[in-house]
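Visitor: The structure file target08.tsv (TSV, C-alpha atoms) is provided below.
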chain	number	residue	atom	x	y	z
A	1	MET	CA	98.21	80.47	96.93
A	2	ASN	CA	101.25	82.56	97.87
A	3	SER	CA	100.68	85.73	99.87
A	4	LEU	CA	102.73	88.90	100.11
A	5	ASN	CA	105.18	89.08	102.97
A	6	PHE	CA	106.16	92.73	103.52
A	7	THR	CA	109.72	92.94	104.85
A	8	ALA	CA	110.47	96.70	104.93
A	9	GLU	CA	108.73	100.04	104.43
A	10	SER	CA	109.95	103.59	103.90
A	11	SER	CA	108.49	106.84	102.64
A	12	SER	CA	110.03	109.81	100.84
A	13	ASN	CA	109.07	112.45	98.28
A	14	GLY	CA	105.39	111.57	98.42
A	15	MET	CA	105.91	107.86	97.72
A	16	VAL	CA	105.76	104.80	99.95
A	17	GLU	CA	108.18	101.97	99.17
A	18	ARG	CA	107.38	98.50	100.50
A	19	ASP	CA	109.75	95.57	100.01
A	20	PHE	CA	108.06	92.18	99.86
A	21	THR	CA	108.53	88.55	98.98
A	22	VAL	CA	105.97	86.28	97.35
A	23	GLY	CA	106.73	82.60	97.01
A	24	GLY	CA	110.32	83.42	97.94
A	25	VAL	CA	110.70	85.94	95.08
A	26	PRO	CA	111.76	89.45	96.20
A	27	GLY	CA	109.90	92.50	94.93
A	28	VAL	CA	109.05	96.10	95.69
A	29	LEU	CA	105.73	97.95	95.65
A	30	TRP	CA	105.59	101.74	95.31
A	31	SER	CA	102.39	103.60	96.21
A	32	PRO	CA	101.25	107.20	96.73
A	33	ALA	CA	102.14	108.42	100.21
A	34	SER	CA	98.83	110.29	100.36
A	35	GLY	CA	97.22	107.02	101.30
A	36	THR	CA	98.16	103.49	100.35
A	37	ALA	CA	94.58	102.45	101.06
A	38	GLU	CA	93.30	104.42	98.05
A	39	ARG	CA	92.19	102.19	95.17
A	40	ALA	CA	94.25	102.80	92.05
A	41	PRO	CA	95.50	100.88	88.99
A	42	LEU	CA	98.56	98.66	89.25
A	43	VAL	CA	101.50	98.73	86.83
A	44	LEU	CA	103.86	95.76	86.75
A	45	MET	CA	107.36	96.71	85.61
A	46	GLY	CA	110.13	94.48	84.31
A	47	HIS	CA	113.74	95.60	84.72
A	48	GLY	CA	116.53	95.30	82.16
A	49	GLY	CA	119.20	92.62	81.90
A	50	GLY	CA	121.85	92.81	84.58
A	51	ALA	CA	119.71	95.23	86.61
A	52	HIS	CA	117.35	94.72	89.56
A	53	LYS	CA	114.03	95.81	91.06
A	54	LYS	CA	115.37	99.09	92.49
A	55	HIS	CA	117.63	100.06	89.59
A	56	PRO	CA	117.48	103.84	89.00
A	57	ALA	CA	115.47	103.27	85.82
A	58	MET	CA	112.84	101.44	87.87
A	59	THR	CA	112.64	104.02	90.63
A	60	GLY	CA	112.51	106.83	88.07
A	61	ARG	CA	109.68	105.23	86.09
A	62	ALA	CA	107.84	104.37	89.29
A	63	THR	CA	108.07	108.00	90.40
A	64	LEU	CA	106.48	109.11	87.11
A	65	LEU	CA	103.62	106.65	87.51
A	66	VAL	CA	103.02	107.22	91.23
A	67	HIS	CA	103.42	111.01	91.31
A	68	GLY	CA	101.91	111.73	87.92
A	69	PHE	CA	98.96	109.35	87.95
A	70	GLY	CA	98.57	107.94	91.46
A	71	PHE	CA	99.31	104.37	90.36
A	72	HIS	CA	100.71	101.50	92.38
A	73	VAL	CA	103.87	100.06	90.78
A	74	ALA	CA	105.42	96.65	91.45
A	75	VAL	CA	108.73	95.15	90.30
A	76	LEU	CA	110.13	91.65	90.87
A	77	ASP	CA	113.77	90.68	90.67
A	78	ALA	CA	114.09	88.48	87.57
A	79	PRO	CA	115.63	85.01	88.04
A	80	GLY	CA	119.36	85.34	88.68
A	81	HIS	CA	119.10	89.12	89.20
A	82	GLY	CA	119.09	91.48	92.17
A	83	ASP	CA	118.68	89.60	95.44
A	84	ARG	CA	118.26	86.26	93.69
A	85	PRO	CA	121.25	83.91	93.35
A	86	ARG	CA	122.66	82.96	89.97
A	87	GLY	CA	122.66	79.31	88.98
A	88	ALA	CA	125.23	77.47	86.91
A	89	ASP	CA	123.22	78.13	83.72
A	90	ASP	CA	123.20	81.85	84.50
A	91	GLU	CA	126.95	81.95	85.02
A	92	ARG	CA	127.53	80.03	81.78
A	93	ASP	CA	125.33	82.35	79.70
A	94	ILE	CA	126.72	85.52	81.24
A	95	ALA	CA	130.29	84.34	80.61
A	96	ALA	CA	129.40	83.61	76.97
A	97	LEU	CA	127.81	87.06	76.66
A	98	ARG	CA	130.89	88.81	78.05
A	99	LYS	CA	133.14	86.83	75.69
A	100	ALA	CA	131.01	87.80	72.67
A	101	GLN	CA	130.99	91.46	73.73
A	102	ALA	CA	134.76	91.50	74.13
A	103	ALA	CA	135.21	89.95	70.69
A	104	GLY	CA	132.73	92.30	69.03
A	105	GLU	CA	130.51	89.38	68.04
A	106	PRO	CA	126.68	89.43	67.83
A	107	VAL	CA	125.08	88.93	71.24
A	108	GLY	CA	121.58	88.04	70.05
A	109	PRO	CA	122.31	84.29	69.71
A	110	ILE	CA	123.23	84.27	73.41
A	111	VAL	CA	120.76	86.80	74.85
A	112	VAL	CA	117.66	85.40	73.12
A	113	PRO	CA	117.82	81.84	74.55
A	114	TYR	CA	119.07	83.14	77.91
A	115	ASN	CA	116.11	85.48	78.26
A	116	ALA	CA	113.70	82.79	77.03
A	117	ARG	CA	114.97	80.48	79.76
A	118	LEU	CA	114.43	83.17	82.40
A	119	ALA	CA	110.88	83.71	81.11
A	120	GLU	CA	110.03	80.06	81.76
A	121	SER	CA	110.23	80.81	85.49
A	122	ALA	CA	109.40	84.49	85.56
A	123	VAL	CA	105.95	84.30	83.95
A	124	GLY	CA	104.62	81.99	86.67
A	125	GLU	CA	106.28	84.11	89.35
A	126	TRP	CA	104.68	87.28	88.01
A	127	ARG	CA	101.23	85.67	87.83
A	128	ALA	CA	101.54	84.50	91.44
A	129	ALA	CA	102.68	87.98	92.47
A	130	LEU	CA	99.71	89.54	90.68
A	131	ASP	CA	97.35	87.18	92.53
A	132	ALA	CA	98.88	88.29	95.83
A	133	LEU	CA	98.98	92.01	94.96
A	134	GLN	CA	95.30	91.97	94.04
A	135	GLU	CA	94.53	90.71	97.54
A	136	LEU	CA	95.52	94.16	98.81
A	137	PRO	CA	92.47	96.40	99.30
A	138	GLU	CA	94.21	99.35	97.63
A	139	ILE	CA	94.57	97.31	94.41
A	140	GLY	CA	91.71	94.82	94.42
A	141	ALA	CA	90.90	91.80	92.29
A	142	ASP	CA	89.01	93.82	89.68
A	143	GLY	CA	91.40	96.78	89.39
A	144	PRO	CA	93.05	97.63	86.05
A	145	VAL	CA	96.58	96.32	85.47
A	146	GLY	CA	99.26	97.43	82.99
A	147	TYR	CA	102.79	96.28	82.13
A	148	PHE	CA	105.96	98.25	81.31
A	149	GLY	CA	109.23	96.53	80.46
A	150	ILE	CA	112.13	97.21	78.08
A	151	ALA	CA	114.85	94.76	76.88
A	152	LEU	CA	114.81	91.86	79.40
A	153	GLY	CA	111.56	93.40	80.66
A	154	THR	CA	110.15	92.80	77.17
A	155	ALA	CA	111.49	89.25	76.97
A	156	LEU	CA	109.66	88.40	80.19
A	157	GLY	CA	106.70	90.71	79.64
A	158	ILE	CA	105.50	89.54	76.23
A	159	PRO	CA	104.96	85.92	77.38
A	160	LEU	CA	103.36	87.26	80.58
A	161	VAL	CA	100.91	89.56	78.78
A	162	ALA	CA	100.10	86.78	76.30
A	163	ALA	CA	99.17	84.51	79.21
A	164	GLU	CA	97.55	87.05	81.54
A	165	PRO	CA	94.06	88.39	80.67
A	166	ARG	CA	94.12	90.81	83.62
A	167	ILE	CA	96.70	93.04	81.88
A	168	ARG	CA	94.90	95.71	79.82
A	169	ALA	CA	97.79	97.55	78.15
A	170	ALA	CA	101.55	97.10	77.78
A	171	VAL	CA	104.73	98.96	76.86
A	172	PHE	CA	107.64	97.02	75.34
A	173	GLY	CA	110.83	97.64	73.37
A	174	LEU	CA	114.44	96.82	72.51
A	175	HIS	CA	114.35	93.09	71.88
A	176	TRP	CA	114.77	90.52	69.14
A	177	PRO	CA	111.63	88.71	67.83
A	178	ASP	CA	112.71	85.02	67.73
A	179	ALA	CA	111.20	83.33	70.79
A	180	LEU	CA	108.72	86.18	71.30
A	181	THR	CA	106.93	86.21	67.95
A	182	GLU	CA	104.38	83.49	68.74
A	183	TYR	CA	103.55	85.13	72.08
A	184	ALA	CA	103.18	88.53	70.43
A	185	ARG	CA	100.62	87.10	68.02
A	186	ARG	CA	98.40	86.27	71.02
A	187	ILE	CA	98.45	89.81	72.40
A	188	THR	CA	95.42	91.93	71.52
A	189	VAL	CA	95.56	94.65	74.20
A	190	PRO	CA	96.90	98.12	73.30
A	191	VAL	CA	100.69	98.13	72.92
A	192	GLU	CA	103.31	100.86	72.74
A	193	PHE	CA	106.63	99.62	71.35
A	194	ALA	CA	109.95	101.49	71.20
A	195	LEU	CA	113.05	100.81	69.13
A	196	GLN	CA	116.37	102.51	68.39
A	197	TRP	CA	116.66	103.19	64.65
A	198	ASP	CA	120.46	102.76	64.68
A	199	ASP	CA	120.58	99.88	67.19
A	200	GLU	CA	123.93	98.09	66.81
A	201	LEU	CA	122.69	94.99	68.70
A	202	ILE	CA	119.18	94.42	67.34
A	203	PRO	CA	118.75	94.77	63.55
A	204	ARG	CA	116.07	97.29	62.64
A	205	GLU	CA	114.16	94.71	60.64
A	206	ASP	CA	114.03	92.44	63.69
A	207	SER	CA	112.47	95.15	65.84
A	208	LEU	CA	109.95	95.96	63.12
A	209	ALA	CA	109.08	92.26	62.76
A	210	LEU	CA	108.33	92.00	66.47
A	211	PHE	CA	106.13	95.09	66.37
A	212	ASP	CA	104.32	93.70	63.33
A	213	ALA	CA	103.62	90.42	65.15
A	214	PHE	CA	101.39	91.97	67.82
A	215	ALA	CA	97.71	91.23	67.09
A	216	SER	CA	96.61	94.41	68.86
A	217	GLN	CA	94.13	96.64	67.02
A	218	GLU	CA	95.80	99.59	68.73
A	219	LYS	CA	99.58	99.53	68.65
A	220	THR	CA	102.00	102.43	68.46
A	221	LEU	CA	105.61	102.36	67.27
A	222	HIS	CA	108.17	104.82	68.65
A	223	ALA	CA	111.43	104.87	66.65
A	224	ASN	CA	114.22	107.04	68.01
A	225	ALA	CA	117.51	107.88	66.36
A	226	GLY	CA	120.54	106.47	68.15
A	227	LYS	CA	122.16	103.24	69.24
A	228	HIS	CA	120.90	100.63	71.69
A	229	PHE	CA	122.04	102.37	74.87
A	230	ASP	CA	120.89	105.79	73.66
A	231	PHE	CA	117.30	104.88	74.55
A	232	PRO	CA	115.82	108.26	75.55
A	233	ARG	CA	114.45	108.93	79.01
A	234	PHE	CA	111.45	110.77	77.59
A	235	GLU	CA	110.05	107.43	76.41
A	236	ALA	CA	109.19	106.78	80.06
A	237	ASP	CA	106.98	109.88	80.06
A	238	SER	CA	105.22	108.63	76.95
A	239	ALA	CA	104.77	105.17	78.48
A	240	ALA	CA	103.23	106.69	81.62
A	241	ARG	CA	100.73	108.70	79.57
A	242	PHE	CA	99.91	105.65	77.45
A	243	LEU	CA	99.21	103.51	80.53
A	244	ALA	CA	97.16	106.27	82.14
A	245	ARG	CA	95.04	106.52	79.02
A	246	HIS	CA	94.28	102.81	78.96
A	247	LEU	CA	94.02	102.11	82.67
A	248	GLY	CA	91.57	104.95	83.12
A	249	HIS	CA	92.92	106.75	86.18
Could the structure of this file be written out as structure tokens, please?
Guide:
Amino acid sequence: MNSLNFTAESSSNGMVERDFTVGGVPGVLWSPASGTAERAPLVLMGHGGGAHKKHPAMTGRATLLVHGFGFHVAVLDAPGHGDRPRGADDERDIAALRKAQAAGEPVGPIVVPYNARLAESAVGEWRAALDALQELPEIGADGPVGYFGIALGTALGIPLVAAEPRIRAAVFGLHWPDALTEYARRITVPVEFALQWDDELIPREDSLALFDAFASQEKTLHANAGKHFDFPRFEADSAARFLARHLGH
């Protein structure tokens, strides 16, 4: 079993930030500065495509969860992202994506298989990281766990939540169904799902089909006006409240 190897620690604005590696995969754990030994729920967060574990969206969402609800929040760099090197397959897919974007062509046929390939590695990495994080006394093996990931974070998170019974609630959004539909049908925990009503990349009917696929008895759809990159920041506030409600802290 892989263990956490903490490599750096800092504290600011009431939050402790600890860099770590687990099985060679780099991650970050944010905790309340009032005492990292205090038991509290853990939220796993997946970052977006082309981003990394400390992208401003991740630090902003972590601040909401740590300051607002006293949670611990962990993020891993996805394969080929952040501090992880890109392989030849990554370079090939990214080049194809840039070419399609420049030509104004649909990107889904490239992004969907690319993200599915990343998930093949990332799900096992996340499960190993969760094993190691639950060894920490401030989290514990029986503590509640949630997941929050949009776009690439959804592509990696849906297979993870489908495979991981320790996750009690999840927030997803902004992704095509395709490779994710069968995984979504295995998910029964509460889900909050967000889409952009005027998304120029993901057809509205595709987003609705993915939401419909979840087997959860409690699932909530948030549809916001605007295009793909107009995703509103206030959805993070809603996600934090949703996770607090279901993780019971």
Visitor: Using only C-alpha atoms, determine which residues lie at most 10 Å from Ala169 of chain A, disregarding the query and same-chain residues fewer than 4 positions distant; provide the list as a PyMOL selection string.
Guide: chain A and resi 43+144-148+161+187-192+216+218-219+242-247
Visitor: Could you write those residues out with C-alpha atoms, as a tab-separated table (two decimals), in the coordinates of the input?
Guide:
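This went into out-v9.tsv:
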chain	number	residue	atom	x	y	z
A	43	VAL	CA	101.50	98.73	86.83
A	144	PRO	CA	93.05	97.63	86.05
A	145	VAL	CA	96.58	96.32	85.47
A	146	GLY	CA	99.26	97.43	82.99
A	147	TYR	CA	102.79	96.28	82.13
A	148	PHE	CA	105.96	98.25	81.31
A	161	VAL	CA	100.91	89.56	78.78
A	187	ILE	CA	98.45	89.81	72.40
A	188	THR	CA	95.42	91.93	71.52
A	189	VAL	CA	95.56	94.65	74.20
A	190	PRO	CA	96.90	98.12	73.30
A	191	VAL	CA	100.69	98.13	72.92
A	192	GLU	CA	103.31	100.86	72.74
A	216	SER	CA	96.61	94.41	68.86
A	218	GLU	CA	95.80	99.59	68.73
A	219	LYS	CA	99.58	99.53	68.65
A	242	PHE	CA	99.91	105.65	77.45
A	243	LEU	CA	99.21	103.51	80.53
A	244	ALA	CA	97.16	106.27	82.14
A	245	ARG	CA	95.04	106.52	79.02
A	246	HIS	CA	94.28	102.81	78.96
A	247	LEU	CA	94.02	102.11	82.67
Visitor: By how many Å are atom CA of Ser3 of chain A and atom CA of Val28 of chain A apart?
Guide: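 Separation between atom CA of Ser3 of chain A and atom CA of Val28 of chain A: 14.0 Å.
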Visitor: Using only C-alpha atoms, what residues lie at most 10 Å away from (110.0, 81.5, 95.0) (file coordinates), given as a ChimeraX atom specification?
Guide: /A:2,21-26,79,84,121-122,124-125,128
Visitor: Please indicate the distance in Å from atom CA of Arg204 of chain A to atom CA of Leu152 of chain A, rounded to one decimal place.
Guide: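 If I compute the distance from atom CA of Arg204 of chain A to atom CA of Leu152 of chain A, I get 17.7 Å.
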Visitor: Nearest to Gly143 of chain A: which of A:Leu174, A:Ala225, A:Leu130, A:Ala162 is it, counting only C-alpha atoms?
Guide: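 Residue with the minimum atom-to-atom distance to Gly143 of chain A: A:Leu130.
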Visitor: Do you know which residues are at most 10 Å from Ala163 of chain A counting all atoms listed in the file, after dropping those on the same chain fewer than 4 positions away, and could you put them as a ChimeraX atom specification?
Guide: /A:123-124,127,157-159,167,183,186-187
Visitor: Could you check the closest approach to Thr59 of chain A for each of A:Gly87, A:Met15, A:Glu200, A:Phe20 and tell me which residue wins, using all atoms listed in the file?
Guide: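 Checking each of A:Gly87, A:Met15, A:Glu200, A:Phe20 against Thr59 of chain A, counting all atoms listed in the file, the winner is A:Met15.
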Visitor: What does the structure give for the distance between atom CA of Phe229 of chain A and atom CA of Leu208 of chain A, in Å to one decimal?
Guide: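 About the pair atom CA of Phe229 of chain A and atom CA of Leu208 of chain A: they are 18.0 Å apart.
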Visitor: Of the candidates A:Arg39, A:Arg241, A:His175, A:Lys53, which shows the shortest atom-to-atom distance to Ile150 of chain A, using all atoms listed in the file?
Guide: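 Smallest separation from Ile150 of chain A among the options: A:His175.
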Visitor: Which residue, A:Leu65, A:Ala33, A:Ala179, A:Leu201, has the smallest gap to Ser10 of chain A when you use all atoms listed in the file?
Guide: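 Between A:Leu65, A:Ala33, A:Ala179, A:Leu201, the residue approaching Ser10 of chain A most closely is A:Ala33.
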Visitor: Any chance you could work out the axis-aligned box around segment 155-169 of chain A, listed atoms only, 6 Å on each side, giving centre and edge lengths in Å to one decimal, as lines of an AutoDock Vina configuration file?
Guide:
center_x = 102.8
center_y = 91.0
center_z = 79.9
size_x = 29.4
size_y = 25.0
size_z = 19.4
Visitor: Place a sphere of radius 12 Å on (88.5, 96.2, 88.8) in the file coordinates and name every protein, DNA or RNA residue with an atom inside or on its surface, counting all atoms listed in the file; give the answer as a list in words.
Guide: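 Every residue inside that radius is included here: Arg39, Ala40, Pro41, Leu42, Gln134, Glu135, Pro137, Glu138, Ile139, Gly140, Ala141, Asp142, Gly143, Pro144, Val145, Arg166, Ile167, Arg168, Leu247, Gly248 and His249 of chain A.
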Visitor: Restrict the selected residues to C-alpha atoms and save them as an mmCIF file, in the frame of the given file.
Guide:
data_model
loop_
_atom_site.group_PDB
_atom_site.id
_atom_site.type_symbol
_atom_site.label_atom_id
_atom_site.label_comp_id
_atom_site.auth_asym_id
_atom_site.auth_seq_id
_atom_site.Cartn_x
_atom_site.Cartn_y
_atom_site.Cartn_z
ATOM 1 C CA ARG A 39 92.190 102.190 95.170
ATOM 2 C CA ALA A 40 94.250 102.800 92.050
ATOM 3 C CA PRO A 41 95.500 100.880 88.990
ATOM 4 C CA LEU A 42 98.560 98.660 89.250
ATOM 5 C CA GLN A 134 95.300 91.970 94.040
ATOM 6 C CA GLU A 135 94.530 90.710 97.540
ATOM 7 C CA PRO A 137 92.470 96.400 99.300
ATOM 8 C CA GLU A 138 94.210 99.350 97.630
ATOM 9 C CA ILE A 139 94.570 97.310 94.410
ATOM 10 C CA GLY A 140 91.710 94.820 94.420
ATOM 11 C CA ALA A 141 90.900 91.800 92.290
ATOM 12 C CA ASP A 142 89.010 93.820 89.680
ATOM 13 C CA GLY A 143 91.400 96.780 89.390
ATOM 14 C CA PRO A 144 93.050 97.630 86.050
ATOM 15 C CA VAL A 145 96.580 96.320 85.470
ATOM 16 C CA ARG A 166 94.120 90.810 83.620
ATOM 17 C CA ILE A 167 96.700 93.040 81.880
ATOM 18 C CA ARG A 168 94.900 95.710 79.820
ATOM 19 C CA LEU A 247 94.020 102.110 82.670
ATOM 20 C CA GLY A 248 91.570 104.950 83.120
ATOM 21 C CA HIS A 249 92.920 106.750 86.180
#
Visitor: Given all atoms listed in the file as the basis, pick out the residue of A:Leu156, A:Val16, A:Leu180, A:Leu29 nearest to His67 of chain A.
Guide: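 Using all atoms listed in the file, His67 of chain A sits closest to A:Val16.
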Visitor: Fewer than 6 positions away in the same chain doesn't count, so skip those; otherwise give me all residues within 7 Å of Ala213 of chain A, counting only C-alpha atoms, as a ChimeraX atom specification.
Guide: /A:181,184-185
Visitor: Calculated over only C-alpha atoms, which of the candidates A:Asp83, A:Glu17, A:Asp206, A:Glu105 has the smallest distance to Pro177 of chain A?
Guide: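 Nearest to Pro177 of chain A: A:Asp206.
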Visitor: Leaving out His81 of chain A and any residue of its chain fewer than 6 positions from it, which residues lie within 9 Å of it when counting all atoms listed in the file, given as a PDB file with C-alpha atoms, in the frame of the given file?
Guide:
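Saved as selection.pdb:
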ATOM      1  CA  GLY A  49     119.200  92.620  81.900  1.00  0.00           C
ATOM      2  CA  GLY A  50     121.850  92.810  84.580  1.00  0.00           C
ATOM      3  CA  ALA A  51     119.710  95.230  86.610  1.00  0.00           C
ATOM      4  CA  HIS A  52     117.350  94.720  89.560  1.00  0.00           C
ATOM      5  CA  LYS A  53     114.030  95.810  91.060  1.00  0.00           C
TER       6      LYS A  53
END
